[in-house]
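Structure file query_11.pdb (PDB, C-alpha atoms) follows.
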ATOM      1  CA  MET A   1       9.958   5.824 -12.623
ATOM      2  CA  LYS A   2       8.381   4.316  -9.533
ATOM      3  CA  LEU A   3       8.320   0.589  -8.985
ATOM      4  CA  LYS A   4       5.577  -0.713  -6.739
ATOM      5  CA  GLN A   5       5.714  -4.251  -5.419
ATOM      6  CA  PRO A   6       2.239  -5.834  -5.223
ATOM      7  CA  GLY A   7       3.387  -8.253  -2.529
ATOM      8  CA  ARG A   8       4.883 -11.733  -2.212
ATOM      9  CA  ARG A   9       1.863 -13.562  -3.481
ATOM     10  CA  ARG A  10       1.917 -16.800  -5.394
ATOM     11  CA  LEU A  11       1.672 -16.279  -9.166
ATOM     12  CA  ALA A  12      -0.573 -18.399 -11.371
ATOM     13  CA  LEU A  13       0.156 -19.743 -14.861
ATOM     14  CA  LEU A  14      -1.136 -17.722 -17.787
ATOM     15  CA  ALA A  15      -2.753 -19.397 -20.787
ATOM     16  CA  PRO A  16      -0.751 -18.838 -24.015
ATOM     17  CA  ALA A  17      -3.648 -16.936 -25.607
ATOM     18  CA  LEU A  18      -3.148 -14.097 -23.122
ATOM     19  CA  ALA A  19       0.566 -13.711 -23.718
ATOM     20  CA  LEU A  20       1.830 -10.277 -24.689
ATOM     21  CA  LEU A  21       5.517 -10.617 -23.931
ATOM     22  CA  THR A  22       7.905 -13.479 -23.294
ATOM     23  CA  ILE A  23      11.428 -13.050 -21.985
ATOM     24  CA  PRO A  24      14.190 -15.666 -22.462
ATOM     25  CA  PHE A  25      16.355 -16.422 -19.446
ATOM     26  CA  SER A  26      19.563 -16.193 -21.446
ATOM     27  CA  ALA A  27      20.723 -15.343 -24.923
ATOM     28  CA  GLY A  28      23.728 -16.088 -27.101
ATOM     29  CA  SER A  29      24.976 -19.073 -29.046
ATOM     30  CA  ALA A  30      26.710 -21.996 -27.386
ATOM     31  CA  SER A  31      30.356 -22.736 -28.058
ATOM     32  CA  ALA A  32      30.883 -25.686 -30.415
ATOM     33  CA  TYR A  33      33.935 -26.960 -28.474
ATOM     34  CA  SER A  34      34.481 -27.094 -24.734
ATOM     35  CA  PRO A  35      35.234 -23.427 -23.909
ATOM     36  CA  GLY A  36      38.746 -22.780 -22.683
ATOM     37  CA  TRP A  37      40.182 -26.066 -23.991
ATOM     38  CA  ASP A  38      42.610 -26.412 -26.912
ATOM     39  CA  PRO A  39      41.482 -29.129 -29.380
ATOM     40  CA  ASN A  40      45.156 -29.820 -30.146
ATOM     41  CA  THR A  41      45.893 -30.880 -26.567
ATOM     42  CA  HIS A  42      42.521 -31.699 -24.974
ATOM     43  CA  PRO A  43      39.380 -33.680 -25.880
ATOM     44  CA  ASP A  44      35.881 -32.164 -26.034
ATOM     45  CA  PRO A  45      34.081 -33.391 -22.877
ATOM     46  CA  ILE A  46      31.112 -31.045 -23.321
ATOM     47  CA  GLY A  47      30.678 -32.305 -26.874
ATOM     48  CA  ALA A  48      30.953 -35.899 -25.628
ATOM     49  CA  CYS A  49      28.228 -35.290 -23.025
ATOM     50  CA  ASN A  50      26.064 -34.038 -25.887
ATOM     51  CA  GLY A  51      26.650 -37.262 -27.843
ATOM     52  CA  ARG A  52      29.329 -35.893 -30.177
ATOM     53  CA  GLY A  53      32.769 -37.390 -30.809
ATOM     54  CA  PRO A  54      34.370 -40.449 -29.162
ATOM     55  CA  SER A  55      32.007 -42.576 -27.043
ATOM     56  CA  ILE A  56      31.912 -42.245 -23.266
ATOM     57  CA  ASN A  57      30.533 -44.334 -20.413
ATOM     58  CA  LEU A  58      30.152 -41.530 -17.870
ATOM     59  CA  CYS A  59      29.161 -37.861 -17.925
ATOM     60  CA  GLN A  60      28.704 -36.522 -14.404
ATOM     61  CA  TYR A  61      28.255 -33.009 -13.009
ATOM     62  CA  HIS A  62      29.723 -32.230  -9.583
ATOM     63  CA  GLU A  63      28.200 -29.257  -7.765
ATOM     64  CA  VAL A  64      30.526 -27.326  -5.460
ATOM     65  CA  ASN A  65      28.521 -24.121  -4.805
ATOM     66  CA  ALA A  66      24.791 -23.381  -4.894
ATOM     67  CA  TRP A  67      22.490 -20.595  -3.735
ATOM     68  CA  THR A  68      19.103 -19.072  -4.508
ATOM     69  CA  ALA A  69      18.642 -15.350  -5.156
ATOM     70  CA  LEU A  70      16.185 -12.945  -6.730
ATOM     71  CA  GLY A  71      17.173 -12.315 -10.349
ATOM     72  CA  LYS A  72      17.033  -9.221 -12.530
ATOM     73  CA  ARG A  73      13.761  -7.477 -13.329
ATOM     74  CA  HIS A  74      12.363  -7.853 -16.843
ATOM     75  CA  GLN A  75       9.494  -5.956 -18.415
ATOM     76  CA  ALA A  76       6.624  -8.449 -18.488
ATOM     77  CA  SER A  77       3.760  -6.499 -20.103
ATOM     78  CA  ASN A  78       3.083  -3.956 -22.796
ATOM     79  CA  VAL A  79       2.885  -0.325 -21.703
ATOM     80  CA  SER A  80      -0.552   1.087 -20.858
ATOM     81  CA  ASN A  81      -0.875   4.857 -20.870
ATOM     82  CA  ASN A  82      -3.225   7.617 -19.851
ATOM     83  CA  CYS A  83      -1.066  10.313 -21.437
ATOM     84  CA  ALA A  84      -3.907  12.373 -22.950
ATOM     85  CA  GLY A  85      -6.509  11.727 -20.274
ATOM     86  CA  THR A  86      -7.837  14.171 -17.717
ATOM     87  CA  ASP A  87      -9.160  11.566 -15.254
ATOM     88  CA  PRO A  88      -7.732   8.337 -13.814
ATOM     89  CA  GLN A  89      -8.290   5.396 -16.162
ATOM     90  CA  THR A  90      -8.628   1.720 -15.242
ATOM     91  CA  TYR A  91      -6.983  -0.914 -17.440
ATOM     92  CA  GLN A  92      -6.862  -4.698 -17.537
ATOM     93  CA  VAL A  93      -3.173  -5.452 -18.015
ATOM     94  CA  ASN A  94      -1.977  -8.836 -19.295
ATOM     95  CA  TRP A  95       1.511  -9.706 -18.102
ATOM     96  CA  LYS A  96       3.608 -12.814 -18.741
ATOM     97  CA  TYR A  97       7.148 -13.988 -18.067
ATOM     98  CA  THR A  98       8.643 -17.127 -19.650
ATOM     99  CA  THR A  99      12.110 -18.536 -19.015
ATOM    100  CA  ASN A 100      14.213 -21.684 -18.771
ATOM    101  CA  SER A 101      17.664 -22.765 -17.571
ATOM    102  CA  SER A 102      20.898 -21.238 -18.841
ATOM    103  CA  TYR A 103      24.311 -22.896 -18.941
ATOM    104  CA  SER A 104      27.642 -21.103 -19.124
ATOM    105  CA  TYR A 105      31.381 -21.431 -18.633
ATOM    106  CA  ALA A 106      32.934 -18.944 -16.217
ATOM    107  CA  ASN A 107      30.096 -16.437 -16.830
ATOM    108  CA  THR A 108      31.446 -15.593 -20.274
ATOM    109  CA  GLN A 109      30.407 -18.284 -22.772
ATOM    110  CA  SER A 110      27.235 -20.314 -23.057
ATOM    111  CA  LEU A 111      27.468 -24.101 -23.075
ATOM    112  CA  GLU A 112      25.730 -26.430 -25.513
ATOM    113  CA  VAL A 113      23.411 -28.692 -23.513
ATOM    114  CA  SER A 114      21.273 -31.426 -25.068
ATOM    115  CA  PHE A 115      18.282 -33.060 -23.379
ATOM    116  CA  GLY A 116      20.339 -36.034 -22.211
ATOM    117  CA  PHE A 117      23.158 -33.826 -20.940
ATOM    118  CA  SER A 118      20.692 -31.655 -19.006
ATOM    119  CA  LYS A 119      19.607 -34.754 -17.094
ATOM    120  CA  ASP A 120      23.244 -35.470 -16.197
ATOM    121  CA  LEU A 121      23.597 -31.923 -14.928
ATOM    122  CA  GLU A 122      20.401 -32.119 -12.922
ATOM    123  CA  GLU A 123      21.465 -35.360 -11.239
ATOM    124  CA  GLY A 124      24.576 -33.621  -9.947
ATOM    125  CA  MET A 125      22.679 -30.692  -8.441
ATOM    126  CA  LYS A 126      21.409 -30.651  -4.888
ATOM    127  CA  ALA A 127      17.657 -31.263  -4.920
ATOM    128  CA  SER A 128      15.191 -28.964  -3.193
ATOM    129  CA  THR A 129      14.089 -30.103   0.254
ATOM    130  CA  SER A 130      11.037 -27.828   0.217
ATOM    131  CA  SER A 131       7.563 -29.215  -0.445
ATOM    132  CA  THR A 132       6.477 -25.958  -2.122
ATOM    133  CA  GLU A 133       9.343 -25.085  -4.469
ATOM    134  CA  THR A 134      11.654 -26.895  -6.850
ATOM    135  CA  TRP A 135      14.139 -26.393  -9.703
ATOM    136  CA  THR A 136      14.447 -28.587 -12.784
ATOM    137  CA  VAL A 137      17.032 -27.807 -15.452
ATOM    138  CA  GLY A 138      15.892 -27.450 -19.027
ATOM    139  CA  ASP A 139      12.174 -27.082 -18.301
ATOM    140  CA  GLN A 140      10.469 -23.933 -19.528
ATOM    141  CA  ARG A 141       8.623 -22.052 -16.801
ATOM    142  CA  GLU A 142       5.903 -19.407 -16.983
ATOM    143  CA  ALA A 143       4.124 -16.955 -14.732
ATOM    144  CA  GLY A 144       1.436 -14.440 -15.548
ATOM    145  CA  SER A 145      -2.075 -13.148 -15.010
ATOM    146  CA  VAL A 146      -4.495 -10.359 -15.888
ATOM    147  CA  ILE A 147      -4.507  -7.528 -13.345
ATOM    148  CA  THR A 148      -6.718  -4.454 -13.182
ATOM    149  CA  ASN A 149      -4.805  -1.255 -12.449
ATOM    150  CA  THR A 150      -5.534   2.475 -12.450
ATOM    151  CA  ILE A 151      -3.276   5.027 -14.126
ATOM    152  CA  ARG A 152      -3.553   8.717 -13.307
ATOM    153  CA  PRO A 153      -3.672  11.400 -16.026
ATOM    154  CA  GLY A 154      -0.386  12.087 -17.799
ATOM    155  CA  TYR A 155       1.192   8.781 -16.775
ATOM    156  CA  ALA A 156       1.972   5.398 -18.300
ATOM    157  CA  GLY A 157       2.571   2.070 -16.599
ATOM    158  CA  ALA A 158       3.746  -1.522 -17.068
ATOM    159  CA  TYR A 159       4.618  -4.633 -15.065
ATOM    160  CA  TRP A 160       8.102  -5.957 -14.344
ATOM    161  CA  PHE A 161       8.904  -9.431 -13.034
ATOM    162  CA  ALA A 162      12.004 -10.742 -11.223
ATOM    163  CA  PRO A 163      12.325 -14.549 -10.937
ATOM    164  CA  TYR A 164      14.019 -16.423  -8.132
ATOM    165  CA  VAL A 165      17.024 -18.269  -9.581
ATOM    166  CA  ARG A 166      18.905 -21.304  -8.309
ATOM    167  CA  HIS A 167      22.591 -20.750  -9.098
ATOM    168  CA  SER A 168      24.786 -23.851  -9.272
ATOM    169  CA  GLN A 169      28.530 -23.958  -9.906
ATOM    170  CA  GLY A 170      30.725 -26.994 -10.455
ATOM    171  CA  TRP A 171      32.668 -29.196 -12.867
ATOM    172  CA  VAL A 172      32.043 -32.092 -15.262
ATOM    173  CA  GLU A 173      33.646 -35.548 -15.118
ATOM    174  CA  VAL A 174      33.834 -37.598 -18.335
ATOM    175  CA  HIS A 175      35.060 -41.201 -18.787
ATOM    176  CA  TYR A 176      35.951 -42.176 -22.358
ATOM    177  CA  ASN A 177      35.809 -45.721 -23.742
ATOM    178  CA  LYS A 178      39.154 -45.118 -25.432
ATOM    179  CA  LYS A 179      42.064 -43.025 -24.218
ATOM    180  CA  GLN A 180      42.000 -39.393 -25.336
ATOM    181  CA  PHE A 181      45.354 -37.579 -25.342
ATOM    182  CA  GLY A 182      46.734 -40.314 -23.106
ATOM    183  CA  HIS A 183      43.934 -40.442 -20.499
ATOM    184  CA  TRP A 184      40.667 -42.330 -20.008
ATOM    185  CA  ASP A 185      39.132 -39.802 -17.620
ATOM    186  CA  TRP A 186      38.893 -36.024 -17.970
ATOM    187  CA  PHE A 187      37.645 -33.347 -15.598
ATOM    188  CA  TYR A 188      36.261 -30.153 -17.125
ATOM    189  CA  PRO A 189      37.690 -27.606 -16.651
ATOM    190  CA  TYR A 190      39.437 -29.321 -13.694
ATOM    191  CA  ARG A 191      38.520 -31.321 -10.587
ATOM    192  CA  GLY A 192      36.965 -29.102  -7.905
ATOM    193  CA  SER A 193      36.349 -26.170 -10.266
ATOM    194  CA  ASN A 194      33.318 -23.868  -9.976
ATOM    195  CA  GLN A 195      33.447 -22.607 -13.573
ATOM    196  CA  VAL A 196      30.517 -24.573 -15.043
ATOM    197  CA  HIS A 197      27.439 -22.506 -14.183
ATOM    198  CA  ILE A 198      23.788 -23.575 -14.230
ATOM    199  CA  ASP A 199      21.120 -20.935 -13.574
ATOM    200  CA  THR A 200      17.656 -22.417 -13.126
ATOM    201  CA  PRO A 201      14.356 -20.646 -12.346
ATOM    202  CA  VAL A 202      12.774 -21.680  -9.055
ATOM    203  CA  ALA A 203       9.217 -22.945  -9.416
ATOM    204  CA  TRP A 204       6.309 -23.561  -7.102
ATOM    205  CA  SER A 205       5.028 -27.112  -6.759
ATOM    206  CA  ASP A 206       2.495 -26.485  -9.580
ATOM    207  CA  GLY A 207       5.306 -25.537 -11.991
ATOM    208  CA  SER A 208       4.799 -21.760 -12.079
ATOM    209  CA  ILE A 209       7.792 -19.479 -11.513
ATOM    210  CA  LYS A 210       8.474 -18.105  -8.054
ATOM    211  CA  GLY A 211       9.298 -14.398  -8.197
ATOM    212  CA  GLN A 212       8.340 -10.813  -7.489
ATOM    213  CA  LEU A 213       5.963  -8.722  -9.597
ATOM    214  CA  TYR A 214       6.367  -4.932  -9.770
ATOM    215  CA  TRP A 215       4.090  -2.211 -11.159
ATOM    216  CA  ALA A 216       5.918   0.834 -12.537
ATOM    217  CA  THR A 217       4.489   4.218 -13.553
ATOM    218  CA  TRP A 218       6.166   7.238 -15.148
ATOM    219  CA  LYS A 219       5.218  10.581 -16.681
ATOM    220  CA  CYS A 220       4.429  10.531 -20.391
TER     221      CYS A 220
END

This entry written out as structure tokens:
Amino acid sequence: MKLKQPGRRRLALLAPALALLTIPFSAGSASAYSPGWDPNTHPDPIGACNGRGPSINLCQYHEVNAWTALGKRHQASNVSNNCAGTDPQTYQVNWKYTTNSSYSYANTQSLEVSFGFSKDLEEGMKASTSSTETWTVGDQREAGSVITNTIRPGYAGAYWFAPYVRHSQGWVEVHYNKKQFGHWDWFYPYRGSNQVHIDTPVAWSDGSIKGQLYWATWKC
């Protein structure tokens, strides 16, 4: 299989009617209790941040590490083929990629994050200083277009897309209104930790995903 990169051009939003394929940023079910914590000896700060359990007066995310990198490639269109043809054939290929933020604990378990909690997480993340790109947790992002491409006889082809991802690592501070297991304040999983992970797609100023588009062809 050969992957061809069309170039680092800006990618426009695709209307939903043209969508052929959507790819989620992450999969898996969130843990019901704060991962890694024993309910017999510790409270549930992640649950509290989601509005569950004893009341709190503070839920705050503290970022300790952050970086932006190109993510994994995902197939973003259906396969077009010229397997039985004898001449090159030109196709209009619809491609689309859709994703949103993912939240995890130590790269192993997903975290439950409500709308209100996502805002707390976002407030603790370093904001973008660029006028052309941004990252906002919880917001769904899209990229896509219709591209004309030629496939030679005996070959098939499809588009792949790799998004730029803002990776944030840190810990969560929770203040309860009543003592929990002898303490008012809890730090999940501990103060200064980098085990709460937030992976957010980077977007252009118009909201479309920043990333790299690749065209791949292979023999039928």

What lies within 12 Å of Leu111 in chain A using all atoms listed in the file, ignoring chain neighbours under 4 positions off, as a PyMOL selection string?
-> chain A and resi 26-36+45-47+49-50+101-107+117-118+121+195-199

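As for CA of Trp135 in chain A and CA of Trp204 in chain A, they are spaced 8.7 Å apart.
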
Mind giving me the straight-line distance from CA of Asn177 in chain A to CA of Ala48 in chain A in Å, one decimal?
->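 If I compute the distance from CA of Asn177 in chain A to CA of Ala48 in chain A, I get 11.1 Å.
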
Between A:Pro189, A:Ser205, A:Trp184, A:Thr200, which is the closest to Asp38 in chain A once you count all atoms listed in the file?
->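 Selected residue with least distance to Asp38 in chain A: A:Pro189.
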
A:Arg191, A:Arg152, A:His183, A:Lys126 ranked by distance to Arg166 in chain A, top pick (using only C-alpha atoms) =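 Among the listed residues, A:Lys126 lies closest to Arg166 in chain A.
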
Figure out the distance between CA of His167 in chain A and CA of Asn194 in chain A, please, to one decimal in Å.
->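 Separating CA of Asn194 in chain A from CA of His167 in chain A is a distance of 11.2 Å.
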
Answer key for the PyMOL selection byres ((chain A and resi 165) around 12), residues as a compact mmCIF listing (two decimals) with C-alpha atoms, keeping the file's coordinate frame:
# COMPACT_ATOMS: atom_id res chain seq x y z
CA PHE A 25 16.36 -16.42 -19.45
CA ALA A 66 24.79 -23.38 -4.89
CA TRP A 67 22.49 -20.60 -3.74
CA THR A 68 19.10 -19.07 -4.51
CA ALA A 69 18.64 -15.35 -5.16
CA LEU A 70 16.18 -12.94 -6.73
CA GLY A 71 17.17 -12.32 -10.35
CA LYS A 72 17.03 -9.22 -12.53
CA ARG A 73 13.76 -7.48 -13.33
CA THR A 99 12.11 -18.54 -19.02
CA ASN A 100 14.21 -21.68 -18.77
CA SER A 101 17.66 -22.76 -17.57
CA SER A 102 20.90 -21.24 -18.84
CA GLU A 133 9.34 -25.08 -4.47
CA THR A 134 11.65 -26.90 -6.85
CA TRP A 135 14.14 -26.39 -9.70
CA THR A 136 14.45 -28.59 -12.78
CA VAL A 137 17.03 -27.81 -15.45
CA ARG A 141 8.62 -22.05 -16.80
CA ALA A 162 12.00 -10.74 -11.22
CA PRO A 163 12.32 -14.55 -10.94
CA TYR A 164 14.02 -16.42 -8.13
CA ARG A 166 18.90 -21.30 -8.31
CA HIS A 167 22.59 -20.75 -9.10
CA SER A 168 24.79 -23.85 -9.27
CA ILE A 198 23.79 -23.58 -14.23
CA ASP A 199 21.12 -20.94 -13.57
CA THR A 200 17.66 -22.42 -13.13
CA PRO A 201 14.36 -20.65 -12.35
CA VAL A 202 12.77 -21.68 -9.06
CA ALA A 203 9.22 -22.94 -9.42
CA ILE A 209 7.79 -19.48 -11.51
CA LYS A 210 8.47 -18.10 -8.05
CA GLY A 211 9.30 -14.40 -8.20
CA GLN A 212 8.34 -10.81 -7.49

From the list A:Ala127, A:Leu213, A:Cys220, A:Ala143, which residue is nearest Tyr97 in chain A when using all atoms listed in the file?
->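 For Tyr97 in chain A, the nearest of the given residues is A:Ala143.
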
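Distance check against Ala76 in chain A using only C-alpha atoms: of A:Ser110, A:Thr132, A:Asn94, A:Gln89, the minimum falls on A:Asn94.
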
Let me have the centre and edge lengths of the axis-aligned box enclosing all listed atoms of range 147-152 of chain A with 4 Å padding on every side, in Å to one decimal, as lines of an AutoDock Vina configuration file.
center_x = -5.0
center_y = 0.6
center_z = -13.3
size_x = 11.4
size_y = 24.2
size_z = 9.7
